[in-house]
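Asker: Input file: final-v5.pdb. Contents: PDB, C-alpha atoms and all ligand atoms.
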```pdb
ATOM      1  CA  MET B 289      46.130  27.043   1.517
ATOM      2  CA  LEU B 290      44.746  23.573   2.059
ATOM      3  CA  ALA B 291      41.785  25.051   3.947
ATOM      4  CA  LEU B 292      41.119  27.475   1.096
ATOM      5  CA  CYS B 293      41.200  24.667  -1.492
ATOM      6  CA  PHE B 294      38.817  22.669   0.677
ATOM      7  CA  SER B 295      36.419  25.654   0.948
ATOM      8  CA  VAL B 296      36.478  26.289  -2.799
ATOM      9  CA  GLY B 297      35.943  22.568  -3.387
ATOM     10  CA  CYS B 298      32.926  22.611  -1.056
ATOM     11  CA  ILE B 299      31.430  25.640  -2.801
ATOM     12  CA  LEU B 300      31.860  24.023  -6.230
ATOM     13  CA  LEU B 301      30.295  20.796  -4.968
ATOM     14  CA  ASN B 302      27.387  22.806  -3.515
ATOM     15  CA  LEU B 303      26.860  24.632  -6.795
ATOM     16  CA  PHE B 304      27.028  21.377  -8.725
ATOM     17  CA  GLN B 305      24.549  19.664  -6.374
ATOM     18  CA  THR B 306      22.212  22.652  -6.600
ATOM     19  CA  TRP B 307      22.304  22.158 -10.345
ATOM     20  CA  GLN B 308      21.685  18.394  -9.823
ATOM     21  CA  TRP B 309      18.553  19.224  -7.755
ATOM     22  CA  SER B 310      17.237  21.574 -10.418
ATOM     23  CA  ALA B 311      17.965  19.000 -13.159
ATOM     24  CA  GLY B 312      15.991  16.387 -11.205
ATOM     25  CA  ILE B 313      19.025  14.135 -10.672
ATOM     26  CA  LEU B 314      18.784  14.388  -6.887
ATOM     27  CA  SER B 315      15.411  13.517  -5.391
ATOM     28  CA  LYS B 316      13.733  15.745  -2.832
ATOM     29  CA  GLU B 317      11.724  13.104  -0.959
ATOM     30  CA  ARG B 318      13.185   9.730  -1.861
ATOM     31  CA  MET B 319      16.954  10.105  -1.296
ATOM     32  CA  THR B 320      19.050   7.200  -0.022
ATOM     33  CA  LYS B 321      22.799   6.860   0.571
ATOM     34  CA  ALA B 322      23.077   4.250  -2.199
ATOM     35  CA  TYR B 323      21.326   6.513  -4.723
ATOM     36  CA  TYR B 324      23.461   9.511  -3.677
ATOM     37  CA  LYS B 325      26.627   7.464  -4.348
ATOM     38  CA  ALA B 326      25.293   6.242  -7.699
ATOM     39  CA  VAL B 327      24.602   9.768  -9.012
ATOM     40  CA  PHE B 328      27.557  11.494  -7.314
ATOM     41  CA  ALA B 329      29.205  13.907  -9.796
ATOM     42  CA  ARG B 330      26.915  12.666 -12.594
ATOM     43  CA  THR B 331      25.233  14.981 -15.061
ATOM     44  CA  LYS B 332      22.744  12.288 -16.103
ATOM     45  CA  ILE B 333      20.886   9.630 -14.145
ATOM     46  CA  PRO B 334      22.474   6.219 -14.881
ATOM     47  CA  THR B 335      19.969   3.596 -16.033
ATOM     48  CA  ASP B 336      18.148   1.617 -13.381
ATOM     49  CA  VAL B 337      19.475   3.535 -10.344
ATOM     50  CA  ASP B 338      15.971   4.794  -9.528
ATOM     51  CA  ARG B 339      15.562   1.395  -7.832
ATOM     52  CA  LEU B 340      17.907   2.737  -5.145
ATOM     53  CA  LEU B 341      15.517   5.543  -4.202
ATOM     54  CA  LEU B 342      12.944   5.150  -1.463
ATOM     55  CA  VAL B 343       9.660   3.852  -2.865
ATOM     56  CA  GLU B 344       7.492   6.533  -4.440
ATOM     57  CA  ARG B 345       4.519   6.903  -2.104
ATOM     58  CA  PRO B 346       1.207   7.962  -3.619
ATOM     59  CA  LEU B 347       0.180  11.435  -2.453
ATOM     60  CA  GLY B 348      -3.492  11.264  -3.364
ATOM     61  CA  HIS B 349      -6.358   9.267  -1.899
ATOM     62  CA  ASP B 350      -6.055   6.362  -4.306
ATOM     63  CA  GLU B 351      -3.192   3.936  -4.069
ATOM     64  CA  LEU B 352      -2.428   1.636  -6.957
ATOM     65  CA  LEU B 353       0.517  -0.704  -7.392
ATOM     66  CA  VAL B 354       1.714  -0.123 -10.945
ATOM     67  CA  GLU B 355       5.231  -1.584 -11.142
ATOM     68  CA  GLU B 356       4.208  -5.155 -10.377
ATOM     69  CA  ASP B 357       7.271  -6.612 -12.128
ATOM     70  CA  ARG B 358       9.467  -5.125  -9.392
ATOM     71  CA  TYR B 359       7.683  -7.188  -6.734
ATOM     72  CA  ARG B 360       7.364 -10.813  -5.691
ATOM     73  CA  VAL B 361       3.764 -11.722  -4.878
ATOM     74  CA  SER B 362       2.493 -14.245  -2.338
ATOM     75  CA  GLU B 363      -0.992 -15.047  -1.120
ATOM     76  CA  ARG B 364      -1.198 -14.653   2.670
ATOM     77  CA  TYR B 365      -4.915 -15.018   3.366
ATOM     78  CA  LEU B 366      -7.989 -16.475   1.704
ATOM     79  CA  ALA B 367     -11.371 -16.665   3.437
ATOM     80  CA  THR B 368     -13.874 -18.812   1.561
ATOM     81  CA  TYR B 369     -16.276 -19.025   4.539
ATOM     82  CA  ASP B 370     -16.987 -22.724   3.972
ATOM     83  CA  GLU B 371     -18.318 -23.046   7.538
ATOM     84  CA  GLN B 372     -20.965 -20.344   6.926
ATOM     85  CA  PRO B 373     -24.436 -20.863   5.375
ATOM     86  CA  ASP B 374     -24.130 -20.882   1.560
ATOM     87  CA  SER B 375     -20.339 -20.611   2.023
ATOM     88  CA  VAL B 376     -20.513 -16.795   2.124
ATOM     89  CA  PHE B 377     -20.072 -14.255   4.939
ATOM     90  CA  THR B 378     -23.158 -12.141   5.617
ATOM     91  CA  LEU B 379     -22.531  -8.674   7.010
ATOM     92  CA  ASP B 380     -25.404  -7.025   8.872
ATOM     93  CA  ALA B 381     -26.134  -4.718  11.810
ATOM     94  CA  GLU B 382     -25.100  -7.434  14.261
ATOM     95  CA  HIS B 383     -21.970  -8.456  12.330
ATOM     96  CA  PRO B 384     -20.738  -5.285  10.596
ATOM     97  CA  PHE B 385     -17.167  -6.632  10.161
ATOM     98  CA  THR B 386     -15.704  -9.736   8.547
ATOM     99  CA  PRO B 387     -12.959 -11.523  10.490
ATOM    100  CA  ALA B 388      -9.713  -9.625   9.823
ATOM    101  CA  TYR B 389      -6.457 -10.647   8.207
ATOM    102  CA  GLU B 390      -3.685  -9.739  10.658
ATOM    103  CA  SER B 391       0.084  -9.706  10.399
ATOM    104  CA  THR B 392       3.013  -7.910  11.974
ATOM    105  CA  PHE B 393       5.087  -5.824   9.578
ATOM    106  CA  ALA B 394       8.036  -8.153  10.307
ATOM    107  CA  ASP B 395       5.982 -11.124   9.050
ATOM    108  CA  LEU B 396       4.871  -9.205   5.958
ATOM    109  CA  THR B 397       8.358  -8.446   4.728
ATOM    110  CA  ALA B 398      11.994  -7.984   5.687
ATOM    111  CA  LYS B 399      12.169  -5.091   3.194
ATOM    112  CA  ASP B 400      11.399  -1.427   3.880
ATOM    113  CA  HIS B 401       7.884  -1.600   2.451
ATOM    114  CA  ALA B 402       5.361  -3.899   0.810
ATOM    115  CA  TRP B 403       2.054  -3.535  -0.994
ATOM    116  CA  LEU B 404      -1.111  -5.337   0.048
ATOM    117  CA  ARG B 405      -3.765  -6.185  -2.505
ATOM    118  CA  VAL B 406      -7.082  -6.952  -0.810
ATOM    119  CA  SER B 407      -9.671  -8.452  -3.115
ATOM    120  CA  GLY B 408     -12.795 -10.562  -3.143
ATOM    121  CA  ARG B 409     -16.383 -10.344  -4.305
ATOM    122  CA  PHE B 410     -19.645  -8.814  -3.094
ATOM    123  CA  PHE B 411     -23.186  -9.685  -3.962
ATOM    124  CA  ILE B 412     -24.937  -6.421  -4.741
ATOM    125  CA  GLY B 413     -28.706  -6.649  -4.561
ATOM    126  CA  ASP B 414     -31.223  -4.405  -6.344
ATOM    127  CA  ASP B 415     -32.088  -2.400  -3.268
ATOM    128  CA  GLN B 416     -28.568  -2.155  -1.890
ATOM    129  CA  ALA B 417     -27.408   1.462  -1.677
ATOM    130  CA  ALA B 418     -23.719   0.757  -1.189
ATOM    131  CA  ALA B 419     -21.086  -1.943  -1.191
ATOM    132  CA  PRO B 420     -19.122  -2.847   1.947
ATOM    133  CA  THR B 421     -16.072  -0.730   2.773
ATOM    134  CA  VAL B 422     -12.562  -2.191   2.539
ATOM    135  CA  VAL B 423     -10.615  -1.215   5.668
ATOM    136  CA  ILE B 424      -6.828  -1.553   6.003
ATOM    137  CA  HIS B 425      -4.754  -0.006   8.776
ATOM    138  CA  PHE B 426      -1.704  -0.337  10.986
ATOM    139  CA  GLU B 427      -1.687  -0.448  14.786
ATOM    140  CA  HIS B 428       1.022   0.735  17.152
ATOM    141  CA  GLU B 429       0.523   0.277  20.896
ATOM    142  CA  GLY B 430      -3.249   0.307  20.494
ATOM    143  CA  GLY B 431      -3.349   3.409  18.251
ATOM    144  CA  LEU B 432      -4.303   3.215  14.562
ATOM    145  CA  TYR B 433      -2.326   4.811  11.744
ATOM    146  CA  LYS B 434      -2.240   4.779   7.934
ATOM    147  CA  TYR B 435      -5.981   4.096   8.094
ATOM    148  CA  MET B 436      -7.676   3.466   4.754
ATOM    149  CA  ALA B 437     -11.435   2.945   4.388
ATOM    150  CA  ARG B 438     -12.225   2.564   0.715
ATOM    151  CA  ASP B 439     -15.805   2.502  -0.514
ATOM    152  CA  TRP B 440     -15.924   0.347  -3.574
ATOM    153  CA  ILE B 441     -18.008   2.071  -6.243
ATOM    154  CA  VAL B 442     -20.509  -0.362  -7.681
ATOM    155  CA  PRO B 443     -21.406   0.195 -11.329
ATOM    156  CA  ASP B 444     -25.162   0.419 -11.978
ATOM    157  CA  SER B 445     -24.890  -2.563 -14.297
ATOM    158  CA  ALA B 446     -23.637  -4.749 -11.446
ATOM    159  CA  ARG B 447     -26.936  -5.585  -9.756
ATOM    160  CA  ASN B 448     -28.094  -8.945  -8.433
ATOM    161  CA  THR B 449     -24.765 -10.371  -9.287
ATOM    162  CA  TRP B 450     -21.412 -11.141  -7.696
ATOM    163  CA  THR B 451     -19.046  -8.237  -8.326
ATOM    164  CA  PRO B 452     -15.275  -8.425  -7.873
ATOM    165  CA  PHE B 453     -13.334  -5.726  -6.028
ATOM    166  CA  SER B 454      -9.638  -5.077  -5.473
ATOM    167  CA  VAL B 455      -7.888  -2.441  -3.367
ATOM    168  CA  ASP B 456      -4.136  -1.721  -3.125
ATOM    169  CA  TYR B 457      -2.399  -0.366  -0.025
ATOM    170  CA  ILE B 458       1.228   0.531   0.532
ATOM    171  CA  THR B 459       2.652  -0.006   4.003
ATOM    172  CA  PRO B 460       3.657   3.189   5.838
ATOM    173  CA  GLU B 461       7.082   3.851   7.318
ATOM    174  CA  VAL B 462       6.360   1.735  10.383
ATOM    175  CA  ARG B 463       7.085   2.908  13.909
ATOM    176  CA  SER B 464       8.081  -0.624  14.909
ATOM    177  CA  ARG B 465       8.501  -3.796  12.855
ATOM    178  CA  GLU B 466       6.155  -5.441  15.377
ATOM    179  CA  ASP B 467       3.329  -3.065  14.406
ATOM    180  CA  LYS B 468       0.342  -4.961  13.087
ATOM    181  CA  VAL B 469      -1.594  -4.522   9.859
ATOM    182  CA  LYS B 470      -5.265  -5.483   9.680
ATOM    183  CA  ALA B 471      -7.514  -5.820   6.640
ATOM    184  CA  TYR B 472     -11.245  -6.543   6.703
ATOM    185  CA  LEU B 473     -14.607  -5.492   5.292
ATOM    186  CA  TRP B 474     -17.068  -3.233   7.073
ATOM    187  CA  TYR B 475     -20.719  -2.774   6.183
ATOM    188  CA  ARG B 476     -21.964   0.377   7.838
ATOM    189  CA  SER B 477     -25.421   0.676   6.303
ATOM    190  CA  GLY B 478     -27.024  -1.669   8.839
ATOM    191  CA  ALA B 479     -28.636  -3.674   6.027
ATOM    192  CA  SER B 480     -27.172  -7.011   4.983
ATOM    193  CA  ALA B 481     -24.561  -7.778   2.349
ATOM    194  CA  ARG B 482     -22.907 -10.985   1.271
ATOM    195  CA  VAL B 483     -19.177 -11.309   0.615
ATOM    196  CA  ASP B 484     -16.891 -14.159  -0.364
ATOM    197  CA  ASP B 485     -13.287 -15.040  -1.200
ATOM    198  CA  LEU B 486     -11.651 -12.270   0.800
ATOM    199  CA  ARG B 487      -8.013 -12.514  -0.273
ATOM    200  CA  VAL B 488      -4.830 -10.714   0.781
ATOM    201  CA  GLN B 489      -1.789 -10.811  -1.482
ATOM    202  CA  VAL B 490       1.498  -9.274  -0.389
ATOM    203  CA  TYR B 491       3.891  -7.749  -2.926
ATOM    204  CA  GLU B 492       7.471  -7.530  -1.645
ATOM    205  CA  PRO B 493      10.230  -5.671  -3.497
ATOM    206  CA  LYS B 494      12.459  -8.126  -5.437
TER     207      LYS B 494
HETATM  208 CA    CA C   1     -17.346 -19.345  -0.285
END
```
Now, as a test, write the supplied structure out as structure tokens.

Answerer:
Amino acid sequence: MLALCFSVGCILLNLFQTWQWSAGILSKERMTKAYYKAVFARTKIPTDVDRLLLVERPLGHDELLVEEDRYRVSERYLATYDEQPDSVFTLDAEHPFTPAYESTFADLTAKDHAWLRVSGRFFIGDDQAAAPTVVIHFEHEGGLYKYMARDWIVPDSARNTWTPFSVDYITPEVRSREDKVKAYLWYRSGASARVDDLRVQVYEPK
């Protein structure tokens, strides 16, 4: 009898949870134990429990941190290139990369993820076809993953002037907390481009 009651109970729970999936109360990709407990046997999502879900990872090419108020920001890197001529870094065929910002995931955050905002400014000349590319990636035992190379689109109006850029990047589910993130600029045209104030800000969940 007890076994029968248990079976019926399981079936009812299954039916109810199937309904919870279809009503969008249970999440397909972002489930956590804490969220499961918070919505258990609920017919509505209680306020604010979506914080208990795994972070929503962008599926498209562009990544943009939108819920900034849920994060604590700190500046981790600022290159003003004071030791360079004119206090700017010149990228060219011989020096296609700026020095990189580097950090282990463990030094970025103790949380499960963080966002990086990499910003700075380029000088875009009249004859310059493209702006430098912002590159951000993780490394695990010498292999690269979560590689992002973002070409900053320069508006036609921004010529012969310093133009700001800013790129957001969410950390992947890391293979090891000792995996390293790197962020730098790359100019692949072979011509020369000037950059300054390369900055990395890290947004950690509050
Ligand atoms: Ca400078």

Asker: Give as a ChimeraX atom specification the set of residues within 10 Å of the point (1.2, -5.5, -2.0), where distances use the file's coordinates and only C-alpha atoms.

Answerer: /B:352-353,356,359-363,396,401-406,455-459,488-493

Asker: Since we have the selection now, will you write its residues out, keeping C-alpha atoms, as a PDB file, in the frame of the given file?

Answerer:
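Below is the file that was written, out30.pdb:
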```pdb
ATOM      1  CA  LEU B 352      -2.428   1.636  -6.957  1.00  0.00           C
ATOM      2  CA  LEU B 353       0.517  -0.704  -7.392  1.00  0.00           C
ATOM      3  CA  GLU B 356       4.208  -5.155 -10.377  1.00  0.00           C
ATOM      4  CA  TYR B 359       7.683  -7.188  -6.734  1.00  0.00           C
ATOM      5  CA  ARG B 360       7.364 -10.813  -5.691  1.00  0.00           C
ATOM      6  CA  VAL B 361       3.764 -11.722  -4.878  1.00  0.00           C
ATOM      7  CA  SER B 362       2.493 -14.245  -2.338  1.00  0.00           C
ATOM      8  CA  GLU B 363      -0.992 -15.047  -1.120  1.00  0.00           C
ATOM      9  CA  LEU B 396       4.871  -9.205   5.958  1.00  0.00           C
ATOM     10  CA  HIS B 401       7.884  -1.600   2.451  1.00  0.00           C
ATOM     11  CA  ALA B 402       5.361  -3.899   0.810  1.00  0.00           C
ATOM     12  CA  TRP B 403       2.054  -3.535  -0.994  1.00  0.00           C
ATOM     13  CA  LEU B 404      -1.111  -5.337   0.048  1.00  0.00           C
ATOM     14  CA  ARG B 405      -3.765  -6.185  -2.505  1.00  0.00           C
ATOM     15  CA  VAL B 406      -7.082  -6.952  -0.810  1.00  0.00           C
ATOM     16  CA  VAL B 455      -7.888  -2.441  -3.367  1.00  0.00           C
ATOM     17  CA  ASP B 456      -4.136  -1.721  -3.125  1.00  0.00           C
ATOM     18  CA  TYR B 457      -2.399  -0.366  -0.025  1.00  0.00           C
ATOM     19  CA  ILE B 458       1.228   0.531   0.532  1.00  0.00           C
ATOM     20  CA  THR B 459       2.652  -0.006   4.003  1.00  0.00           C
ATOM     21  CA  VAL B 488      -4.830 -10.714   0.781  1.00  0.00           C
ATOM     22  CA  GLN B 489      -1.789 -10.811  -1.482  1.00  0.00           C
ATOM     23  CA  VAL B 490       1.498  -9.274  -0.389  1.00  0.00           C
ATOM     24  CA  TYR B 491       3.891  -7.749  -2.926  1.00  0.00           C
ATOM     25  CA  GLU B 492       7.471  -7.530  -1.645  1.00  0.00           C
ATOM     26  CA  PRO B 493      10.230  -5.671  -3.497  1.00  0.00           C
TER      27      PRO B 493
END
```

Asker: Would you compute the distance between CA of Met436 in chain B and CA of Leu342 in chain B? Give it in Å to one decimal.

Answerer: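 These two atoms are separated by 21.6 Å.
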
Asker: Show which residues sit within 10 Å of Lys332 in chain B, as a PyMOL selection string. Count only C-alpha atoms, and ignore same-chain residues fewer than 4 positions away.

Answerer: chain B and resi 308+311-313+327

Asker: Using C-alpha atoms, can you write the selected residues to a file as an mmCIF file, keeping the file's coordinate frame?

Answerer:
```cif
data_model
loop_
_atom_site.group_PDB
_atom_site.id
_atom_site.type_symbol
_atom_site.label_atom_id
_atom_site.label_comp_id
_atom_site.auth_asym_id
_atom_site.auth_seq_id
_atom_site.Cartn_x
_atom_site.Cartn_y
_atom_site.Cartn_z
ATOM 1 C CA GLN B 308 21.685 18.394 -9.823
ATOM 2 C CA ALA B 311 17.965 19.000 -13.159
ATOM 3 C CA GLY B 312 15.991 16.387 -11.205
ATOM 4 C CA ILE B 313 19.025 14.135 -10.672
ATOM 5 C CA VAL B 327 24.602 9.768 -9.012
#
```

Asker: Rounded to one decimal place, report the CA of Gln305 in chain B-CA of Asp400 in chain B distance in Å.

Answerer: 26.9 Å

Asker: Per residue of chain B within 9 Å of ligand CA 1 (chain C), what are the shortest atom pair and its distance in Å to one decimal, counting all atoms listed in the file, with rows by chain and residue number, as a Markdown table?

Answerer:
```
| residue | atom | partner | partner_atom | distance |
| --- | --- | --- | --- | --- |
| B:Ala367 | CA | C:CA1 | CA | 7.5 |
| B:Thr368 | CA | C:CA1 | CA | 4.0 |
| B:Tyr369 | CA | C:CA1 | CA | 5.0 |
| B:Asp370 | CA | C:CA1 | CA | 5.4 |
| B:Glu371 | CA | C:CA1 | CA | 8.7 |
| B:Gln372 | CA | C:CA1 | CA | 8.1 |
| B:Asp374 | CA | C:CA1 | CA | 7.2 |
| B:Ser375 | CA | C:CA1 | CA | 4.0 |
| B:Val376 | CA | C:CA1 | CA | 4.7 |
| B:Phe377 | CA | C:CA1 | CA | 7.8 |
| B:Val483 | CA | C:CA1 | CA | 8.3 |
| B:Asp484 | CA | C:CA1 | CA | 5.2 |
| B:Asp485 | CA | C:CA1 | CA | 6.0 |
```

Asker: Please, could you write that set of residues out with C-alpha atoms as a compact mmCIF listing (two decimals), keeping the file's coordinate frame?

Answerer:
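As written to disk, out11.txt reads:
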```txt
# COMPACT_ATOMS: atom_id res chain seq x y z
CA ALA B 367 -11.37 -16.66 3.44
CA THR B 368 -13.87 -18.81 1.56
CA TYR B 369 -16.28 -19.02 4.54
CA ASP B 370 -16.99 -22.72 3.97
CA GLU B 371 -18.32 -23.05 7.54
CA GLN B 372 -20.96 -20.34 6.93
CA ASP B 374 -24.13 -20.88 1.56
CA SER B 375 -20.34 -20.61 2.02
CA VAL B 376 -20.51 -16.80 2.12
CA PHE B 377 -20.07 -14.26 4.94
CA VAL B 483 -19.18 -11.31 0.62
CA ASP B 484 -16.89 -14.16 -0.36
CA ASP B 485 -13.29 -15.04 -1.20
```

Asker: Check the smallest atom-to-atom distance from each of B:Glu466, B:Glu427, B:Asp338, B:Asp415 to Arg358 in chain B using only C-alpha atoms, then report the winner.

Answerer: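 Once distances to Arg358 in chain B are computed over only C-alpha atoms, the minimum belongs to B:Asp338.
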
Asker: Identify which of the residues B:Thr335, B:Thr386, B:Asn302, B:Ser295 lies closest to Leu473 in chain B, counting all atoms listed in the file when measuring atom-to-atom distances.

Answerer: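 Ranked by minimum distance to Leu473 in chain B, first place goes to B:Thr386.
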
Asker: Near Tyr433 in chain B, within 10 Å and counting all atoms listed in the file, which residues show up once chain neighbours fewer than 6 positions away are dropped, as an MDAnalysis selection string?

Answerer: chainID B and resid 424:427 460 462:463 469

Asker: Using all atoms listed in the file, which residue out of B:Ala481, B:Leu486, B:Leu300, B:Ala326 lies closest to Asp380 in chain B?

Answerer: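 The closest residue to Asp380 in chain B is B:Ala481.
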
Asker: So, counting all atoms listed in the file, which residue among B:Ala446, B:Cys298, B:Val343, B:Leu366 is closest to Tyr389 in chain B?

Answerer: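 Nearest candidate to Tyr389 in chain B out of B:Ala446, B:Cys298, B:Val343, B:Leu366: B:Leu366.
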
Asker: Which residues are close to Pro443 in chain B, i.e. within 12 Å by only C-alpha atoms, leaving aside same-chain residues fewer than 6 positions away? Reply as a list of chain:residue names.

Answerer: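 Listing them by chain and then by number gives B:Ile412, B:Asp414, B:Ala417, B:Ala418, B:Ala419, B:Thr449, B:Trp450, B:Thr451, B:Pro452, B:Phe453.
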
Asker: Go through B:Arg487, B:Arg339, B:Arg330, B:Arg345 and flag the residue nearest Tyr472 in chain B, using all atoms listed in the file for the distances.

Answerer: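 Smallest distance to Tyr472 in chain B is found for B:Arg487.
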
Asker: What is the CA of Asp336 in chain B-CA of Ser310 in chain B distance in Å, reported with one decimal?

Answerer: 20.2 Å

Asker: Kindly resolve the PyMOL selection byres (((chain B and resi 391) around 6) and not hetatm) on the present coordinates and return the residues as a list in words.

Answerer: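 On this input, the PyMOL selection byres (((chain B and resi 391) around 6) and not hetatm) captures Glu390, Thr392, Lys468 and Val469 of chain B.
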
Asker: Determine the residue membership of the PyMOL selection byres (((chain B and resi 422) around 7) and not hetatm) for the file above and supply it as a count of residues only.

Answerer: 10

Asker: Using 8 Å of padding on each side, determine the axis-aligned box around all atoms of range 381-387 of chain B present in the file and give its centre and edge lengths in Å to one decimal, as JSON.

Answerer:
```
{"center_x": -19.5, "center_y": -8.1, "center_z": 11.4, "size_x": 29.2, "size_y": 22.8, "size_z": 21.7}
```

Asker: Between B:Arg318, B:Arg482, B:Lys399, B:Lys470, single out the one closest to Gly413 in chain B, counting all atoms listed in the file.

Answerer: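 Answer, going by the shortest atom-to-atom distance: B:Arg482.
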